[in-house]
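Visitor: Handing over run.pdb, PDB, C-alpha atoms.
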```
ATOM      1  CA  MET C 335      -0.745 -32.743 -60.652  1.00  0.00           C
ATOM      2  CA  ASP C 336       1.082 -30.121 -62.685  1.00  0.00           C
ATOM      3  CA  THR C 337       2.782 -27.077 -61.183  1.00  0.00           C
ATOM      4  CA  LYS C 338       0.123 -24.596 -62.309  1.00  0.00           C
ATOM      5  CA  GLU C 339      -2.632 -26.640 -60.671  1.00  0.00           C
ATOM      6  CA  LEU C 340      -0.617 -26.899 -57.451  1.00  0.00           C
ATOM      7  CA  TYR C 341      -0.109 -23.124 -57.466  1.00  0.00           C
ATOM      8  CA  ARG C 342      -3.843 -22.596 -57.971  1.00  0.00           C
ATOM      9  CA  GLU C 343      -4.559 -24.864 -55.000  1.00  0.00           C
ATOM     10  CA  ILE C 344      -2.104 -22.940 -52.800  1.00  0.00           C
ATOM     11  CA  LEU C 345      -3.673 -19.637 -53.844  1.00  0.00           C
ATOM     12  CA  ASN C 346      -7.192 -20.934 -53.273  1.00  0.00           C
ATOM     13  CA  ASP C 347      -6.323 -22.383 -49.857  1.00  0.00           C
ATOM     14  CA  HIS C 348      -4.860 -19.077 -48.639  1.00  0.00           C
ATOM     15  CA  ASN C 349      -7.899 -17.219 -49.958  1.00  0.00           C
ATOM     16  CA  VAL C 350     -10.575 -19.564 -48.564  1.00  0.00           C
ATOM     17  CA  ASN C 351      -8.774 -20.512 -45.317  1.00  0.00           C
ATOM     18  CA  PRO C 352      -6.517 -17.583 -44.458  1.00  0.00           C
ATOM     19  CA  ALA C 353      -4.400 -18.117 -41.369  1.00  0.00           C
ATOM     20  CA  HIS C 354      -3.929 -14.420 -40.641  1.00  0.00           C
ATOM     21  CA  LYS C 355      -7.175 -12.674 -41.624  1.00  0.00           C
ATOM     22  CA  THR C 356      -8.335 -11.101 -38.387  1.00  0.00           C
ATOM     23  CA  GLU C 357      -8.185  -7.752 -36.666  1.00  0.00           C
ATOM     24  CA  MET C 358      -5.340  -7.470 -34.158  1.00  0.00           C
ATOM     25  CA  ASP C 359      -5.482  -5.728 -30.823  1.00  0.00           C
ATOM     26  CA  GLY C 360      -2.236  -4.231 -29.621  1.00  0.00           C
ATOM     27  CA  ALA C 361      -0.535  -3.954 -33.002  1.00  0.00           C
ATOM     28  CA  THR C 362       2.549  -1.757 -32.884  1.00  0.00           C
ATOM     29  CA  LEU C 363       2.181  -0.950 -36.597  1.00  0.00           C
ATOM     30  CA  LYS C 364      -0.929  -0.822 -38.752  1.00  0.00           C
ATOM     31  CA  LEU C 365      -1.542   0.638 -42.160  1.00  0.00           C
ATOM     32  CA  HIS C 366      -4.329   0.757 -44.712  1.00  0.00           C
ATOM     33  CA  GLY C 367      -3.375  -0.322 -48.214  1.00  0.00           C
ATOM     34  CA  VAL C 368      -5.478   0.097 -51.352  1.00  0.00           C
ATOM     35  CA  ASN C 369      -5.202  -1.020 -54.945  1.00  0.00           C
ATOM     36  CA  PRO C 370      -7.261   1.726 -56.633  1.00  0.00           C
ATOM     37  CA  SER C 371      -7.202   0.053 -60.038  1.00  0.00           C
ATOM     38  CA  CYS C 372      -9.170  -2.893 -58.721  1.00  0.00           C
ATOM     39  CA  GLY C 373     -10.603  -1.898 -55.351  1.00  0.00           C
ATOM     40  CA  ASP C 374      -8.568  -4.322 -53.240  1.00  0.00           C
ATOM     41  CA  ASN C 375      -8.331  -2.991 -49.717  1.00  0.00           C
ATOM     42  CA  ILE C 376      -6.421  -4.262 -46.678  1.00  0.00           C
ATOM     43  CA  VAL C 377      -5.453  -3.144 -43.223  1.00  0.00           C
ATOM     44  CA  LEU C 378      -2.142  -4.712 -42.232  1.00  0.00           C
ATOM     45  CA  TYR C 379      -1.324  -5.172 -38.541  1.00  0.00           C
ATOM     46  CA  LEU C 380       2.097  -6.036 -37.137  1.00  0.00           C
ATOM     47  CA  LYS C 381       3.446  -6.540 -33.648  1.00  0.00           C
ATOM     48  CA  THR C 382       7.153  -5.845 -33.454  1.00  0.00           C
ATOM     49  CA  GLU C 383       9.573  -6.163 -30.594  1.00  0.00           C
ATOM     50  CA  ASN C 384      13.241  -5.205 -30.776  1.00  0.00           C
ATOM     51  CA  GLY C 385      13.092  -5.138 -34.586  1.00  0.00           C
ATOM     52  CA  ILE C 386      11.461  -8.586 -34.862  1.00  0.00           C
ATOM     53  CA  ILE C 387       7.979  -9.115 -36.301  1.00  0.00           C
ATOM     54  CA  THR C 388       6.389 -11.235 -33.584  1.00  0.00           C
ATOM     55  CA  ASP C 389       2.870 -11.390 -35.023  1.00  0.00           C
ATOM     56  CA  GLY C 390       0.839 -10.127 -37.932  1.00  0.00           C
ATOM     57  CA  SER C 391      -2.640 -10.124 -39.394  1.00  0.00           C
ATOM     58  CA  TYR C 392      -4.828  -8.317 -41.896  1.00  0.00           C
ATOM     59  CA  THR C 393      -8.412  -7.452 -42.621  1.00  0.00           C
ATOM     60  CA  GLY C 394      -9.974  -6.269 -45.836  1.00  0.00           C
ATOM     61  CA  SER C 395     -11.528  -7.355 -49.065  1.00  0.00           C
ATOM     62  CA  GLY C 396     -10.607  -7.857 -52.659  1.00  0.00           C
ATOM     63  CA  CYS C 397      -9.773 -10.492 -55.189  1.00  0.00           C
ATOM     64  CA  ALA C 398      -8.366 -13.887 -54.266  1.00  0.00           C
ATOM     65  CA  ILE C 399      -4.887 -12.897 -55.427  1.00  0.00           C
ATOM     66  CA  SER C 400      -4.610  -9.845 -53.165  1.00  0.00           C
ATOM     67  CA  GLN C 401      -5.970 -11.647 -50.130  1.00  0.00           C
ATOM     68  CA  ALA C 402      -3.979 -14.864 -50.613  1.00  0.00           C
ATOM     69  CA  SER C 403      -0.749 -12.993 -51.358  1.00  0.00           C
ATOM     70  CA  THR C 404      -1.102 -11.008 -48.119  1.00  0.00           C
ATOM     71  CA  ASP C 405      -1.741 -14.201 -46.134  1.00  0.00           C
ATOM     72  CA  MET C 406       1.313 -15.916 -47.686  1.00  0.00           C
ATOM     73  CA  MET C 407       3.426 -12.843 -46.973  1.00  0.00           C
ATOM     74  CA  LEU C 408       2.488 -12.936 -43.298  1.00  0.00           C
ATOM     75  CA  ASP C 409       3.411 -16.638 -43.130  1.00  0.00           C
ATOM     76  CA  LEU C 410       6.864 -15.595 -44.296  1.00  0.00           C
ATOM     77  CA  VAL C 411       7.560 -12.483 -42.240  1.00  0.00           C
ATOM     78  CA  ILE C 412       6.268 -13.463 -38.790  1.00  0.00           C
ATOM     79  CA  GLY C 413       9.335 -14.336 -36.727  1.00  0.00           C
ATOM     80  CA  LYS C 414      11.677 -12.443 -39.037  1.00  0.00           C
ATOM     81  CA  SER C 415      13.505  -9.196 -38.425  1.00  0.00           C
ATOM     82  CA  GLU C 416      12.224  -6.056 -40.097  1.00  0.00           C
ATOM     83  CA  GLU C 417      15.311  -6.106 -42.326  1.00  0.00           C
ATOM     84  CA  GLU C 418      14.644  -9.717 -43.364  1.00  0.00           C
ATOM     85  CA  ALA C 419      11.033  -8.752 -44.164  1.00  0.00           C
ATOM     86  CA  LYS C 420      12.247  -5.850 -46.324  1.00  0.00           C
ATOM     87  CA  ASN C 421      14.585  -8.251 -48.126  1.00  0.00           C
ATOM     88  CA  LEU C 422      11.680 -10.653 -48.783  1.00  0.00           C
ATOM     89  CA  TYR C 423       9.728  -7.704 -50.202  1.00  0.00           C
ATOM     90  CA  GLU C 424      12.617  -6.993 -52.596  1.00  0.00           C
ATOM     91  CA  ILE C 425      12.734 -10.636 -53.653  1.00  0.00           C
ATOM     92  CA  PHE C 426       8.963 -10.786 -54.165  1.00  0.00           C
ATOM     93  CA  THR C 427       8.850  -7.651 -56.309  1.00  0.00           C
ATOM     94  CA  GLY C 428      11.953  -8.844 -58.150  1.00  0.00           C
ATOM     95  CA  MET C 429      10.200 -12.155 -58.844  1.00  0.00           C
ATOM     96  CA  ILE C 430       7.198 -10.330 -60.284  1.00  0.00           C
ATOM     97  CA  HIS C 431       9.455  -8.208 -62.500  1.00  0.00           C
ATOM     98  CA  GLY C 432      11.849 -11.031 -63.452  1.00  0.00           C
ATOM     99  CA  THR C 433      14.981  -9.618 -61.844  1.00  0.00           C
ATOM    100  CA  VAL C 434      15.856 -12.266 -59.228  1.00  0.00           C
ATOM    101  CA  THR C 435      17.327 -15.756 -59.370  1.00  0.00           C
ATOM    102  CA  GLU C 436      15.510 -19.053 -58.814  1.00  0.00           C
ATOM    103  CA  GLU C 437      17.556 -19.451 -55.623  1.00  0.00           C
ATOM    104  CA  GLN C 438      16.194 -16.160 -54.306  1.00  0.00           C
ATOM    105  CA  ILE C 439      12.640 -17.103 -55.295  1.00  0.00           C
ATOM    106  CA  GLU C 440      12.928 -20.297 -53.217  1.00  0.00           C
ATOM    107  CA  GLN C 441      13.106 -18.063 -50.118  1.00  0.00           C
ATOM    108  CA  LEU C 442       9.497 -17.033 -50.802  1.00  0.00           C
ATOM    109  CA  ASP C 443       8.143 -20.519 -50.081  1.00  0.00           C
ATOM    110  CA  GLU C 444       4.441 -20.604 -51.082  1.00  0.00           C
ATOM    111  CA  ALA C 445       4.509 -16.979 -52.238  1.00  0.00           C
ATOM    112  CA  ALA C 446       6.617 -18.246 -55.142  1.00  0.00           C
ATOM    113  CA  SER C 447       3.354 -19.673 -56.474  1.00  0.00           C
ATOM    114  CA  LEU C 448       2.638 -16.134 -57.718  1.00  0.00           C
ATOM    115  CA  SER C 449       5.677 -16.089 -60.006  1.00  0.00           C
ATOM    116  CA  ASP C 450       3.555 -16.245 -63.167  1.00  0.00           C
ATOM    117  CA  ILE C 451       1.464 -13.226 -62.167  1.00  0.00           C
ATOM    118  CA  SER C 452       3.649 -11.015 -64.371  1.00  0.00           C
ATOM    119  CA  ARG C 453       1.938 -12.643 -67.352  1.00  0.00           C
ATOM    120  CA  MET C 454      -1.295 -11.050 -66.142  1.00  0.00           C
ATOM    121  CA  PRO C 455      -0.385  -7.326 -65.884  1.00  0.00           C
ATOM    122  CA  SER C 456      -3.782  -6.366 -64.486  1.00  0.00           C
ATOM    123  CA  ARG C 457      -3.109  -8.693 -61.509  1.00  0.00           C
ATOM    124  CA  VAL C 458       0.382  -7.509 -60.569  1.00  0.00           C
ATOM    125  CA  LYS C 459      -0.910  -4.728 -58.299  1.00  0.00           C
ATOM    126  CA  CYS C 460      -3.267  -7.227 -56.657  1.00  0.00           C
ATOM    127  CA  ALA C 461      -0.382  -9.563 -55.794  1.00  0.00           C
ATOM    128  CA  GLU C 462       1.819  -6.703 -54.604  1.00  0.00           C
ATOM    129  CA  LEU C 463      -0.741  -4.951 -52.351  1.00  0.00           C
ATOM    130  CA  GLY C 464       0.160  -6.631 -49.052  1.00  0.00           C
ATOM    131  CA  TRP C 465       3.856  -6.505 -49.848  1.00  0.00           C
ATOM    132  CA  ARG C 466       3.764  -2.787 -50.744  1.00  0.00           C
ATOM    133  CA  THR C 467       1.832  -2.055 -47.560  1.00  0.00           C
ATOM    134  CA  LEU C 468       4.384  -4.010 -45.508  1.00  0.00           C
ATOM    135  CA  HIS C 469       7.284  -2.182 -47.132  1.00  0.00           C
ATOM    136  CA  GLU C 470       5.656   1.200 -46.602  1.00  0.00           C
ATOM    137  CA  MET C 471       4.929   0.537 -42.942  1.00  0.00           C
ATOM    138  CA  LEU C 472       8.450  -0.730 -42.224  1.00  0.00           C
ATOM    139  CA  SER C 473      10.080   2.093 -44.190  1.00  0.00           C
ATOM    140  CA  SER C 474       7.871   4.861 -42.741  1.00  0.00           C
ATOM    141  CA  PRO C 475       6.598   3.708 -39.345  1.00  0.00           C
ATOM    142  CA  ALA C 476       5.381   7.239 -38.530  1.00  0.00           C
ATOM    143  CA  LYS C 477       2.646   6.793 -41.168  1.00  0.00           C
ATOM    144  CA  THR C 478       1.226   3.926 -39.169  1.00  0.00           C
ATOM    145  CA  ARG C 479       0.697   6.038 -36.057  1.00  0.00           C
ATOM    146  CA  GLU C 480      -2.037   8.161 -37.672  1.00  0.00           C
ATOM    147  CA  PHE C 481      -4.425   5.523 -38.806  1.00  0.00           C
ATOM    148  CA  SER C 482      -8.123   5.602 -39.526  1.00  0.00           C
ATOM    149  CA  ARG C 483      -9.761   2.364 -40.501  1.00  0.00           C
ATOM    150  CA  GLN C 484     -11.659   2.312 -43.777  1.00  0.00           C
ATOM    151  CA  ALA C 485     -14.780   0.215 -44.284  1.00  0.00           C
ATOM    152  CA  SER C 486     -14.027  -3.308 -45.482  1.00  0.00           C
ATOM    153  CA  GLN C 487     -16.808  -4.247 -47.866  1.00  0.00           C
ATOM    154  CA  PRO C 488     -16.496  -7.106 -50.338  1.00  0.00           C
ATOM    155  CA  HIS C 489     -15.434  -5.795 -53.707  1.00  0.00           C
ATOM    156  CA  GLU C 490     -17.024  -7.247 -56.819  1.00  0.00           C
ATOM    157  CA  ASN C 491     -14.955  -5.478 -59.494  1.00  0.00           C
ATOM    158  CA  CYS C 492     -11.921  -7.725 -59.177  1.00  0.00           C
ATOM    159  CA  PRO C 493     -12.904 -11.402 -59.425  1.00  0.00           C
ATOM    160  CA  ILE C 494     -10.183 -13.987 -59.863  1.00  0.00           C
TER     161      ILE C 494
END
```
Would you mind writing the file's structure down as structure tokens?
Guide:
Amino acid sequence: MDTKELYREILNDHNVNPAHKTEMDGATLKLHGVNPSCGDNIVLYLKTENGIITDGSYTGSGCAISQASTDMMLDLVIGKSEEEAKNLYEIFTGMIHGTVTEEQIEQLDEAASLSDISRMPSRVKCAELGWRTLHEMLSSPAKTREFSRQASQPHENCPI
């Protein structure tokens, strides 16, 4: 099995069998994220305690890349400090834009499977949606206090 096929399998598995796609009661932070160019839409939920992300989940709809990327991100950040999560965000966006080392990319575990997404410019925002939402909620937690949930309907305009 070649690397590209393995990456496709990882992406597909996170899209079809997401570990974290569920609404969360008692989240300390939650934020709605949208990719207007494609219609991807998530609500990200985090439980934090003493600066540590103790749990996380998401709901929403969109293309396989946006949904799988968010699920992979949560695999990485649960159990990490908020600062570690912000650092992973920087590495992920650096990977997409080609500004980080292979050693740094290894820290992304399965999320590194999205390293070739930069070759598909229309998909970059899809891959970054969960990560941008995470960064925004950790950088501006006050935004997450005033939250109104948007409808989560499947979106047909952004197939994989």
Visitor: Which neighbours of C:Arg466 fall inside 9 Å, counting all atoms listed in the file, when residues of the same chain fewer than 6 positions from it are skipped, and could you give them as a list in words?
Guide: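 Answer for this query is Gly367, Tyr423 and Thr427 of chain C.
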Visitor: Rounded to one decimal in Å, what is the spacing between atom CA of C:Asp443 and atom CA of C:Cys397?
Guide: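 These atoms are spaced 21.2 Å apart.
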Visitor: Given the PyMOL selection byres ((chain C and resi 345-361) around 6) and the file above, list the residues it selects as a PyMOL selection string.
Guide: chain C and resi 342-344+362-363+379-381+391-393+398+401-402+405
Visitor: From the options C:Ala476, C:Met471, C:Leu422, C:Ser452, which residue's atoms come nearest to C:Ile439, counting all atoms listed in the file?
Guide: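 Of C:Ala476, C:Met471, C:Leu422, C:Ser452, the one nearest C:Ile439, counting all atoms listed in the file, is C:Leu422.
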Visitor: Which one of C:Leu448, C:Leu468, C:Val458, C:Leu378 sits closest to C:Lys338 if you count only C-alpha atoms?
Guide: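 Among the listed residues, C:Leu448 lies closest to C:Lys338.
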Visitor: Identify, on the basis of only C-alpha atoms, every residue whose closest approach to C:Ile376 does not exceed 9 Å; exclude the query and any residue fewer than 2 positions from it along the same chain; express the result as a compact mmCIF listing (two decimals) with C-alpha atoms, in the coordinates of the input.
Guide:
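Below is the file that was written, part-v7.txt:
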```txt
# COMPACT_ATOMS: atom_id res chain seq x y z
CA LEU C 365 -1.54 0.64 -42.16
CA HIS C 366 -4.33 0.76 -44.71
CA GLY C 367 -3.38 -0.32 -48.21
CA VAL C 368 -5.48 0.10 -51.35
CA ASN C 369 -5.20 -1.02 -54.94
CA ASP C 374 -8.57 -4.32 -53.24
CA LEU C 378 -2.14 -4.71 -42.23
CA TYR C 392 -4.83 -8.32 -41.90
CA THR C 393 -8.41 -7.45 -42.62
CA GLY C 394 -9.97 -6.27 -45.84
CA SER C 395 -11.53 -7.36 -49.06
CA GLY C 396 -10.61 -7.86 -52.66
CA SER C 400 -4.61 -9.85 -53.16
CA GLN C 401 -5.97 -11.65 -50.13
CA THR C 404 -1.10 -11.01 -48.12
CA LEU C 463 -0.74 -4.95 -52.35
CA GLY C 464 0.16 -6.63 -49.05
CA THR C 467 1.83 -2.06 -47.56
CA GLN C 484 -11.66 2.31 -43.78
CA SER C 486 -14.03 -3.31 -45.48
```
Visitor: Would you work out the distance separating atom CA of C:Ser371 from atom CA of C:Met429, expressed in Å to one decimal?
Guide: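 Pair atom CA of C:Ser371 / atom CA of C:Met429 returns 21.3 Å.
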Visitor: From the list C:Thr433, C:Glu417, C:Leu410, C:Arg457, which residue is nearest C:Ala445 when using only C-alpha atoms?
Guide: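 Using only C-alpha atoms, the shortest distance to C:Ala445 belongs to C:Leu410.
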Visitor: Return as a short mmCIF file (atom, residue, chain, number, x, y, z; two decimals) with C-alpha atoms, in the frame of the given file the set of residues that the PyMOL selection byres ((chain C and resi 441) around 12) yields on the displayed structure.
Guide:
```
data_model
loop_
_atom_site.label_atom_id
_atom_site.label_comp_id
_atom_site.auth_asym_id
_atom_site.auth_seq_id
_atom_site.Cartn_x
_atom_site.Cartn_y
_atom_site.Cartn_z
CA MET C 407 3.43 -12.84 -46.97
CA LEU C 410 6.86 -15.60 -44.30
CA VAL C 411 7.56 -12.48 -42.24
CA GLU C 418 14.64 -9.72 -43.36
CA ALA C 419 11.03 -8.75 -44.16
CA ASN C 421 14.58 -8.25 -48.13
CA LEU C 422 11.68 -10.65 -48.78
CA TYR C 423 9.73 -7.70 -50.20
CA GLU C 424 12.62 -6.99 -52.60
CA ILE C 425 12.73 -10.64 -53.65
CA PHE C 426 8.96 -10.79 -54.16
CA MET C 429 10.20 -12.16 -58.84
CA VAL C 434 15.86 -12.27 -59.23
CA THR C 435 17.33 -15.76 -59.37
CA GLU C 436 15.51 -19.05 -58.81
CA GLU C 437 17.56 -19.45 -55.62
CA GLN C 438 16.19 -16.16 -54.31
CA ILE C 439 12.64 -17.10 -55.30
CA GLU C 440 12.93 -20.30 -53.22
CA LEU C 442 9.50 -17.03 -50.80
CA ASP C 443 8.14 -20.52 -50.08
CA GLU C 444 4.44 -20.60 -51.08
CA ALA C 445 4.51 -16.98 -52.24
CA ALA C 446 6.62 -18.25 -55.14
CA SER C 447 3.35 -19.67 -56.47
#
```
